[in-house]
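Asker: My structure file run-v3.cif, mmCIF, C-alpha atoms, is below:
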```cif
data_my_file
#
loop_
_atom_site.label_atom_id
_atom_site.label_comp_id
_atom_site.auth_asym_id
_atom_site.auth_seq_id
_atom_site.Cartn_x
_atom_site.Cartn_y
_atom_site.Cartn_z
CA MET A 1 96.10 112.41 103.51
CA ILE A 2 94.42 113.35 106.80
CA THR A 3 96.68 115.57 108.89
CA PRO A 4 97.02 115.18 112.69
CA PHE A 5 94.80 118.25 113.15
CA GLU A 6 92.14 116.82 110.84
CA PHE A 7 92.40 113.51 112.71
CA ALA A 8 91.85 115.31 116.01
CA GLN A 9 88.83 117.04 114.52
CA ILE A 10 87.19 113.64 114.01
CA TYR A 11 87.28 113.15 117.79
CA TRP A 12 86.13 116.72 118.39
CA ASN A 13 83.13 116.25 116.08
CA LEU A 14 82.42 112.55 116.51
CA PRO A 15 79.25 111.13 114.92
CA VAL A 16 77.45 108.64 117.14
CA PRO A 17 74.60 106.48 115.80
CA ILE A 18 71.51 106.10 117.95
CA VAL A 19 70.51 102.46 117.40
CA ASN A 20 67.36 100.62 118.50
CA GLU A 21 66.87 97.02 119.63
CA LYS A 22 66.19 96.01 116.02
CA ASN A 23 69.72 97.03 115.00
CA GLU A 24 68.37 100.05 113.12
CA ILE A 25 69.97 103.50 113.04
CA LEU A 26 67.42 106.07 114.20
CA ARG A 27 69.65 109.12 113.77
CA TRP A 28 73.17 110.43 114.33
CA GLU A 29 74.31 112.67 117.17
CA ILE A 30 77.52 114.69 117.14
CA THR A 31 79.60 114.82 120.31
CA ARG A 32 83.09 115.85 121.36
CA VAL A 33 85.70 113.42 122.68
CA SER A 34 88.67 115.36 124.00
CA GLN A 35 89.35 114.38 127.62
CA TYR A 36 92.70 113.01 128.74
CA ARG A 37 92.16 109.39 129.80
CA LEU A 38 95.10 107.51 131.28
CA ALA A 39 94.54 103.91 132.38
CA THR A 40 97.15 102.20 134.54
CA ARG A 41 97.18 98.42 134.46
CA ILE A 42 98.09 97.11 137.90
CA SER A 43 98.24 93.42 137.03
CA LYS A 44 97.93 91.33 133.89
CA ASN A 45 96.50 88.14 135.37
CA PRO A 46 93.97 88.85 136.68
CA GLU A 47 93.67 92.01 134.57
CA THR A 48 93.18 94.91 136.97
CA TYR A 49 93.46 98.67 136.57
CA ASP A 50 93.61 101.82 138.64
CA GLY A 51 90.52 102.78 140.59
CA VAL A 52 89.06 105.29 138.14
CA THR A 53 89.49 102.96 135.18
CA SER A 54 88.15 99.96 137.10
CA GLN A 55 85.06 101.93 138.13
CA ALA A 56 84.42 103.12 134.57
CA LEU A 57 84.87 99.60 133.16
CA SER A 58 82.58 98.14 135.82
CA GLU A 59 79.90 100.78 135.26
CA PHE A 60 80.00 100.19 131.52
CA GLY A 61 80.05 96.39 131.82
CA ASN A 62 77.17 96.24 134.28
CA ALA A 63 74.93 98.33 132.03
CA VAL A 64 76.05 97.26 128.56
CA ARG A 65 75.13 93.58 128.26
CA PRO A 66 74.42 93.01 124.57
CA PHE A 67 73.58 89.32 124.88
CA ALA A 68 71.85 89.27 128.27
CA ASN A 69 68.64 88.40 126.44
CA LYS A 70 69.12 84.82 125.25
CA ASP A 71 66.89 85.52 122.26
CA THR A 72 69.45 88.03 120.93
CA LYS A 73 71.34 86.27 118.17
CA GLU A 74 73.46 89.15 116.92
CA ILE A 75 74.37 92.75 117.63
CA LYS A 76 75.15 95.22 114.88
CA VAL A 77 77.32 98.27 115.44
CA PHE A 78 77.82 101.12 113.02
CA VAL A 79 80.64 103.58 112.40
CA LYS A 80 80.76 106.58 110.11
CA LYS A 81 84.08 107.00 108.33
CA PRO A 82 85.66 110.39 107.51
CA ASP A 83 84.30 110.11 103.95
CA ASN A 84 80.77 109.70 105.45
CA THR A 85 80.45 106.07 104.40
CA ILE A 86 78.81 103.88 107.03
CA GLU A 87 80.42 100.60 107.99
CA THR A 88 78.43 97.85 109.70
CA GLN A 89 79.94 95.17 111.92
CA THR A 90 77.92 92.20 113.15
CA PHE A 91 78.79 90.28 116.32
CA GLN A 92 77.36 86.91 117.29
CA ALA A 93 76.85 85.86 120.90
CA ALA A 94 80.07 83.83 120.77
CA GLU A 95 81.93 87.05 119.96
CA LYS A 96 80.79 88.91 123.08
CA ASN A 97 84.31 89.12 124.52
CA LYS A 98 85.61 90.57 121.25
CA LEU A 99 82.95 93.27 121.29
CA ASP A 100 83.63 93.99 124.96
CA ARG A 101 87.34 94.52 124.25
CA ILE A 102 86.62 96.91 121.39
CA ALA A 103 84.18 98.91 123.52
CA ALA A 104 86.67 99.11 126.42
CA ARG A 105 89.41 100.79 124.38
CA ALA A 106 87.88 104.24 124.78
CA ILE A 107 87.91 103.71 128.56
CA TRP A 108 91.57 102.66 128.38
CA GLY A 109 92.38 105.86 126.44
CA LYS A 110 93.29 103.88 123.32
CA GLY A 111 90.20 104.06 121.12
CA SER A 112 90.26 104.96 117.45
CA PRO A 113 87.41 107.24 116.30
CA GLU A 114 85.54 104.17 115.05
CA GLU A 115 86.04 102.29 118.33
CA VAL A 116 84.85 105.27 120.36
CA GLN A 117 81.72 105.42 118.19
CA ILE A 118 81.08 101.78 119.13
CA THR A 119 81.56 102.48 122.84
CA LEU A 120 79.16 105.41 122.80
CA GLN A 121 76.42 103.83 120.71
CA LEU A 122 76.40 100.80 123.02
CA ALA A 123 76.29 103.07 126.08
CA VAL A 124 73.15 104.74 124.70
CA ARG A 125 71.53 101.60 123.29
CA PHE A 126 71.74 99.69 126.57
CA GLY A 127 70.74 102.54 128.85
CA LEU A 128 73.99 103.61 130.49
CA ILE A 129 73.34 107.13 129.20
CA THR A 130 70.66 108.91 127.21
CA PRO A 131 71.44 110.60 123.86
CA ASP A 132 71.23 114.04 125.45
CA ARG A 133 73.94 112.99 127.95
CA LEU A 134 76.53 111.96 125.36
CA ARG A 135 78.62 115.11 125.76
CA ALA A 136 78.43 114.97 129.55
CA TYR A 137 79.59 111.35 129.51
CA CYS A 138 82.48 112.23 127.19
CA ASP A 139 83.43 115.18 129.40
CA SER A 140 83.30 113.11 132.58
CA GLY A 141 86.76 111.68 132.02
CA LYS A 142 85.50 108.10 131.79
CA ILE A 143 86.50 107.90 128.14
CA GLY A 144 89.13 109.76 126.15
CA LEU A 145 92.72 109.48 124.97
CA ASP A 146 96.16 109.40 126.45
CA CYS A 147 99.16 110.76 124.57
CA ASN A 148 100.30 107.60 122.77
CA GLY A 149 96.66 106.63 122.28
CA PHE A 150 96.26 109.56 119.92
CA VAL A 151 99.72 109.54 118.31
CA GLY A 152 99.89 105.74 117.98
CA THR A 153 96.43 105.57 116.42
CA TYR A 154 97.34 108.30 113.91
CA LEU A 155 100.63 106.64 112.97
CA ARG A 156 98.90 103.29 112.49
CA ASP A 157 95.62 104.30 110.84
CA VAL A 158 96.77 107.24 108.72
CA LEU A 159 100.48 106.76 108.05
CA GLY A 160 100.38 102.95 108.03
CA LYS A 161 103.13 102.53 110.63
CA THR A 162 103.56 99.22 112.46
CA VAL A 163 102.59 100.51 115.90
CA GLU A 164 99.53 100.43 118.14
CA PRO A 165 97.86 102.97 120.44
CA ASN A 166 99.50 101.20 123.39
CA SER A 167 102.99 101.13 121.84
CA VAL A 168 105.55 102.70 124.17
CA ILE A 169 106.82 106.13 123.21
CA THR A 170 110.25 104.96 122.09
CA GLU A 171 108.57 102.66 119.55
CA LEU A 172 106.58 105.60 118.18
CA LEU A 173 109.71 107.68 117.65
CA ASN A 174 111.47 104.73 116.05
CA GLN A 175 108.93 104.87 113.21
CA GLY A 176 110.80 107.84 111.76
CA ARG A 177 114.22 109.35 111.20
CA LYS A 178 116.01 110.94 114.12
CA ILE A 179 116.40 114.73 113.92
CA ASN A 180 119.70 116.08 115.25
CA ASN A 181 119.63 119.83 114.63
CA LEU A 182 117.14 122.66 114.19
CA ASP A 183 118.06 123.22 110.55
CA GLU A 184 116.71 119.75 109.68
CA ILE A 185 113.16 120.82 110.56
CA ASP A 186 110.77 122.23 107.94
CA ASN A 187 107.13 123.34 107.84
CA LEU A 188 105.88 120.61 105.49
CA SER A 189 106.78 117.45 107.38
CA ILE A 190 105.23 115.67 110.36
CA TYR A 191 107.37 115.12 113.46
CA VAL A 192 106.91 113.19 116.67
CA PHE A 193 108.30 114.68 119.89
CA GLY A 194 109.26 112.48 122.84
CA PHE A 195 109.91 113.85 126.34
CA VAL A 196 113.42 113.03 127.63
CA ASP A 197 114.77 112.43 131.12
CA GLY A 198 117.89 113.84 132.78
CA SER A 199 120.13 111.49 130.78
CA ASN A 200 118.59 112.73 127.50
CA GLN A 201 116.82 109.44 126.83
CA VAL A 202 113.25 109.35 125.57
CA ILE A 203 111.00 108.13 128.38
CA ALA A 204 109.26 105.02 127.06
CA GLN A 205 106.74 105.00 129.92
CA TYR A 206 108.34 106.09 133.21
CA SER A 207 111.78 107.25 134.32
CA GLY A 208 111.86 107.53 138.08
CA ALA A 209 109.18 110.04 139.01
CA LEU A 210 108.87 111.28 135.42
CA MET A 211 106.12 110.10 133.08
CA GLY A 212 106.73 109.93 129.35
CA HIS A 213 104.86 112.12 126.90
CA VAL A 214 104.56 112.09 123.11
CA MET A 215 103.27 114.77 120.72
CA ILE A 216 102.87 115.11 116.95
CA THR A 217 103.19 118.16 114.71
CA ASN A 218 100.78 119.34 112.07
CA PRO A 219 102.24 120.51 108.72
CA LEU A 220 101.14 124.04 107.87
CA GLY A 221 103.31 124.79 104.85
CA VAL A 222 104.24 128.23 106.14
CA ASP A 223 106.98 129.39 108.50
CA MET A 224 105.70 130.54 111.88
CA ILE A 225 107.53 132.71 114.39
CA GLY A 226 106.73 133.11 118.07
CA VAL A 227 108.14 135.32 120.81
CA TYR A 228 109.52 134.03 124.10
CA GLY A 229 111.65 136.05 126.49
CA LYS A 230 111.67 138.94 123.98
CA LYS A 231 113.32 136.75 121.36
CA ASN A 232 111.89 135.31 118.15
CA TYR A 233 111.86 131.55 117.66
CA ARG A 234 110.62 129.19 115.01
CA SER A 235 107.24 127.67 115.85
CA LEU A 236 105.48 124.41 114.97
CA ARG A 237 101.81 123.51 115.44
CA VAL A 238 101.48 120.50 117.76
CA ILE A 239 98.58 118.14 118.52
CA GLU A 240 98.67 116.22 121.80
CA SER A 241 96.54 114.65 124.48
CA THR A 242 97.86 115.90 127.78
CA GLY A 243 96.80 115.96 131.42
CA GLU A 244 94.31 118.68 132.44
CA LYS A 245 94.05 119.97 128.85
CA GLY A 246 93.01 116.83 126.98
CA LEU A 247 93.27 116.62 123.19
CA VAL A 248 94.44 120.06 122.10
CA GLU A 249 96.46 121.94 119.52
CA SER A 250 98.99 124.63 120.36
CA ASP A 251 102.15 126.24 119.04
CA TYR A 252 105.52 125.00 120.24
CA LEU A 253 108.59 127.26 119.99
CA LEU A 254 111.91 125.62 119.07
CA LEU A 255 114.29 127.29 121.54
CA THR A 256 117.52 125.30 121.26
CA GLY A 257 118.65 122.05 119.72
CA LYS A 258 121.85 120.13 119.20
CA ASN A 259 122.99 116.52 119.26
CA GLY A 260 119.40 115.37 118.95
CA VAL A 261 118.03 117.00 122.12
CA PHE A 262 115.78 120.05 121.83
CA THR A 263 114.33 122.52 124.28
CA VAL A 264 110.85 123.65 123.28
CA PHE A 265 108.32 126.03 124.78
CA ARG A 266 104.95 124.30 125.00
CA GLY A 267 102.03 126.50 124.11
CA SER A 268 99.61 124.06 125.73
CA LYS A 269 101.26 124.26 129.14
CA GLN A 270 103.20 127.54 128.85
CA SER A 271 106.39 125.84 129.99
CA GLU A 272 109.68 124.54 128.63
CA MET A 273 110.25 120.88 127.83
CA ARG A 274 113.20 118.87 126.57
CA VAL A 275 112.49 116.40 123.76
CA ARG A 276 113.91 114.26 121.02
CA ILE A 277 112.33 114.58 117.57
CA SER A 278 111.62 112.05 114.84
CA LEU A 279 110.55 112.76 111.25
CA VAL A 280 107.66 110.40 110.46
CA TRP A 281 106.26 111.87 107.23
CA VAL A 282 107.44 114.24 104.52
#
```
What is this file in structure tokens?

Answerer:
Amino acid sequence: MITPFEFAQIYWNLPVPIVNEKNEILRWEITRVSQYRLATRISKNPETYDGVTSQALSEFGNAVRPFANKDTKEIKVFVKKPDNTIETQTFQAAEKNKLDRIAARAIWGKGSPEEVQITLQLAVRFGLITPDRLRAYCDSGKIGLDCNGFVGTYLRDVLGKTVEPNSVITELLNQGRKINNLDEIDNLSIYVFGFVDGSNQVIAQYSGALMGHVMITNPLGVDMIGVYGKKNYRSLRVIESTGEKGLVESDYLLLTGKNGVFTVFRGSKQSEMRVRISLVWV
């Protein structure tokens, strides 16, 4: 089974096919996708987003027009799986909207590794960027992942859970068993952490001025100890996509925990956070 860290590594070392107008793969380029990308939908009908997302979607849509040439009957896209097998998908002109939606997911912060490969190969193929600008485009913040984009995709694609990258955080925690005390936590399992508000409830999306956040642990199989305030605490390795840092790994210290609410010290932000914890794999 692919661990959360190994899943993050796919984004950090993402293969992108360089494809010509004849639907042929010329070569593969490796790039890094690690920026935090949070899209805020302002309205559903018509579908509108925050300014940064709207600009990125417009820029992509204006350049990437797979069926602008009426002689184009089909577009092929290619993705390389973790086992290095190559999967080909073919889209007819009537499926343009379907292809557009897949390509937009990386801009929404919800793209799987395969979907991000599609976004990037189309961006190169239709002239939005050149192959040597792949990394710069990925680092620009126009594509990436938000917190539940990464955790939800991992739960769905690796653990087979019935969630999506846009599932709210409470749904992600509900995919596992609630943890109540520190002694229930081991170094072999995978846990999901959900940020709580002042009433100790997991924040599904927003709670007043607070924004929800979700993280996932990586099983190491060894006990880790960290020091905070001159005291030793148990530590877990955590993978998360978070503002300013992007998709990162860090060590979290388990400071206190009872009645299902835990105070942790976040290595990624060097600050304390209160969370609830769910066991999603053992």

Asker: Apply the PyMOL selection byres ((chain A and resi 100-110) around 7) to the file shown and report the selected residues as an mmCIF file with C-alpha atoms, keeping the file's coordinate frame.

Answerer:
```
data_model
loop_
_atom_site.group_PDB
_atom_site.id
_atom_site.type_symbol
_atom_site.label_atom_id
_atom_site.label_comp_id
_atom_site.auth_asym_id
_atom_site.auth_seq_id
_atom_site.Cartn_x
_atom_site.Cartn_y
_atom_site.Cartn_z
ATOM 1 C CA ARG A 37 92.160 109.390 129.800
ATOM 2 C CA LEU A 38 95.100 107.510 131.280
ATOM 3 C CA ALA A 39 94.540 103.910 132.380
ATOM 4 C CA THR A 53 89.490 102.960 135.180
ATOM 5 C CA ALA A 56 84.420 103.120 134.570
ATOM 6 C CA LEU A 57 84.870 99.600 133.160
ATOM 7 C CA LYS A 96 80.790 88.910 123.080
ATOM 8 C CA ASN A 97 84.310 89.120 124.520
ATOM 9 C CA LYS A 98 85.610 90.570 121.250
ATOM 10 C CA LEU A 99 82.950 93.270 121.290
ATOM 11 C CA GLY A 111 90.200 104.060 121.120
ATOM 12 C CA SER A 112 90.260 104.960 117.450
ATOM 13 C CA GLU A 115 86.040 102.290 118.330
ATOM 14 C CA VAL A 116 84.850 105.270 120.360
ATOM 15 C CA ILE A 118 81.080 101.780 119.130
ATOM 16 C CA THR A 119 81.560 102.480 122.840
ATOM 17 C CA LYS A 142 85.500 108.100 131.790
ATOM 18 C CA ILE A 143 86.500 107.900 128.140
ATOM 19 C CA GLY A 144 89.130 109.760 126.150
ATOM 20 C CA LEU A 145 92.720 109.480 124.970
ATOM 21 C CA ASP A 146 96.160 109.400 126.450
ATOM 22 C CA GLY A 149 96.660 106.630 122.280
ATOM 23 C CA PRO A 165 97.860 102.970 120.440
ATOM 24 C CA ASN A 166 99.500 101.200 123.390
#
```

Asker: Could you jot down the CA of Phe60 (chain A) to CA of Ile239 (chain A) separation for me, Å, one decimal place?

Answerer: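 Computed distance, CA of Phe60 (chain A) to CA of Ile239 (chain A), equals 28.9 Å.
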
Asker: Which residues fall under the PyMOL selection byres ((chain A and resi 122-135) around 6) in this file, as a list in words?

Answerer: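 What the PyMOL selection byres ((chain A and resi 122-135) around 6) grabs from the file is Thr31, Ala63, Val64, Thr119, Leu120, Gln121, Ala136, Tyr137 and Cys138 of chain A.
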
Asker: Selected by the PyMOL selection byres ((chain A and resi 224) around 9) in the shown coordinates: which residues, as a list in words?

Answerer: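 Going through the file, the PyMOL selection byres ((chain A and resi 224) around 9) ends up selecting Asn187, Leu220, Val222, Asp223, Ile225, Gly226, Tyr233, Arg234, Ser235, Leu236 and Arg237 of chain A.
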
Asker: Kindly indicate which residue among A:Gln92, A:Ser58, A:Ser189, A:Asn259 lies nearest to Trp281 (chain A), using only C-alpha atoms for the distances.

Answerer: A:Ser189

Asker: Find the residue from A:Leu255, A:Val52, A:Val238, A:Val168 that sits nearest to Gly141 (chain A); use all atoms listed in the file when measuring.

Answerer: A:Val52

Asker: Give me, please, the distance in Å between CA of Met1 (chain A) and CA of Val158 (chain A), quoted to one decimal.

Answerer: 7.4 Å

Asker: In Å, how far is it from CA of Ile277 (chain A) to CA of Asn181 (chain A)?

Answerer: 9.5 Å

Asker: At a cut-off of 6 Å, using only C-alpha atoms, what residues contact Phe262 (chain A)? Leave out same-chain residues fewer than 6 positions from it and give the result as a list in words.

Answerer: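 In the requested form, the answer reads Thr256, Arg274 and Val275 of chain A.
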
Asker: Which residues come within 6 Å of Val192 (chain A), counting only C-alpha atoms, excluding same-chain residues fewer than 6 positions away, as a list in words?

Answerer: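 The filter keeps Met215, Ile216, Ile277 and Ser278 of chain A.
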
Asker: Could you list, as a list in words, every residue within 12 Å of Lys80 (chain A), counting only C-alpha atoms and ignoring same-chain residues fewer than 6 positions away?

Answerer: Ile10, Asn13, Leu14, Pro15, Val16, Pro17, Ile25, Arg27, Trp28, Glu29, Ile30, Ile86, Glu87, Thr88, Gln89, Pro113, Glu114, Glu115, Val116, Gln117, Ile118 and Gln121 of chain A

Asker: Considering only C-alpha atoms, return as a ChimeraX atom specification whatever protein or nucleic-acid residues lie within 9 Å of Thr162 (chain A), sequence-local ones (same chain, fewer than 6 positions apart) excluded.

Answerer: /A:155-156,175

Asker: Could you check the closest approach to Gly257 (chain A) for each of A:Phe67, A:Ala8, A:Asn180, A:Lys161 and tell me which residue wins, using all atoms listed in the file?

Answerer: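 Ranked by minimum distance to Gly257 (chain A), first place goes to A:Asn180.
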
Asker: Between A:Lys269, A:Arg32, A:Arg276, A:Lys231, single out the one closest to Ser140 (chain A), counting all atoms listed in the file.

Answerer: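 Smallest separation from Ser140 (chain A) among the options: A:Arg32.
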
Asker: Restricting the calculation to all atoms listed in the file: of A:Pro66, A:Asp139, A:Gln205, A:Ser199, which residue gets closest to Ile169 (chain A)?

Answerer: A:Gln205

Asker: Return the single residue from A:Val261, A:Ala94, A:Leu26, A:Cys147 that is closest to Gln201 (chain A), with distances computed using only C-alpha atoms.

Answerer: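 The closest residue to Gln201 (chain A) is A:Val261.
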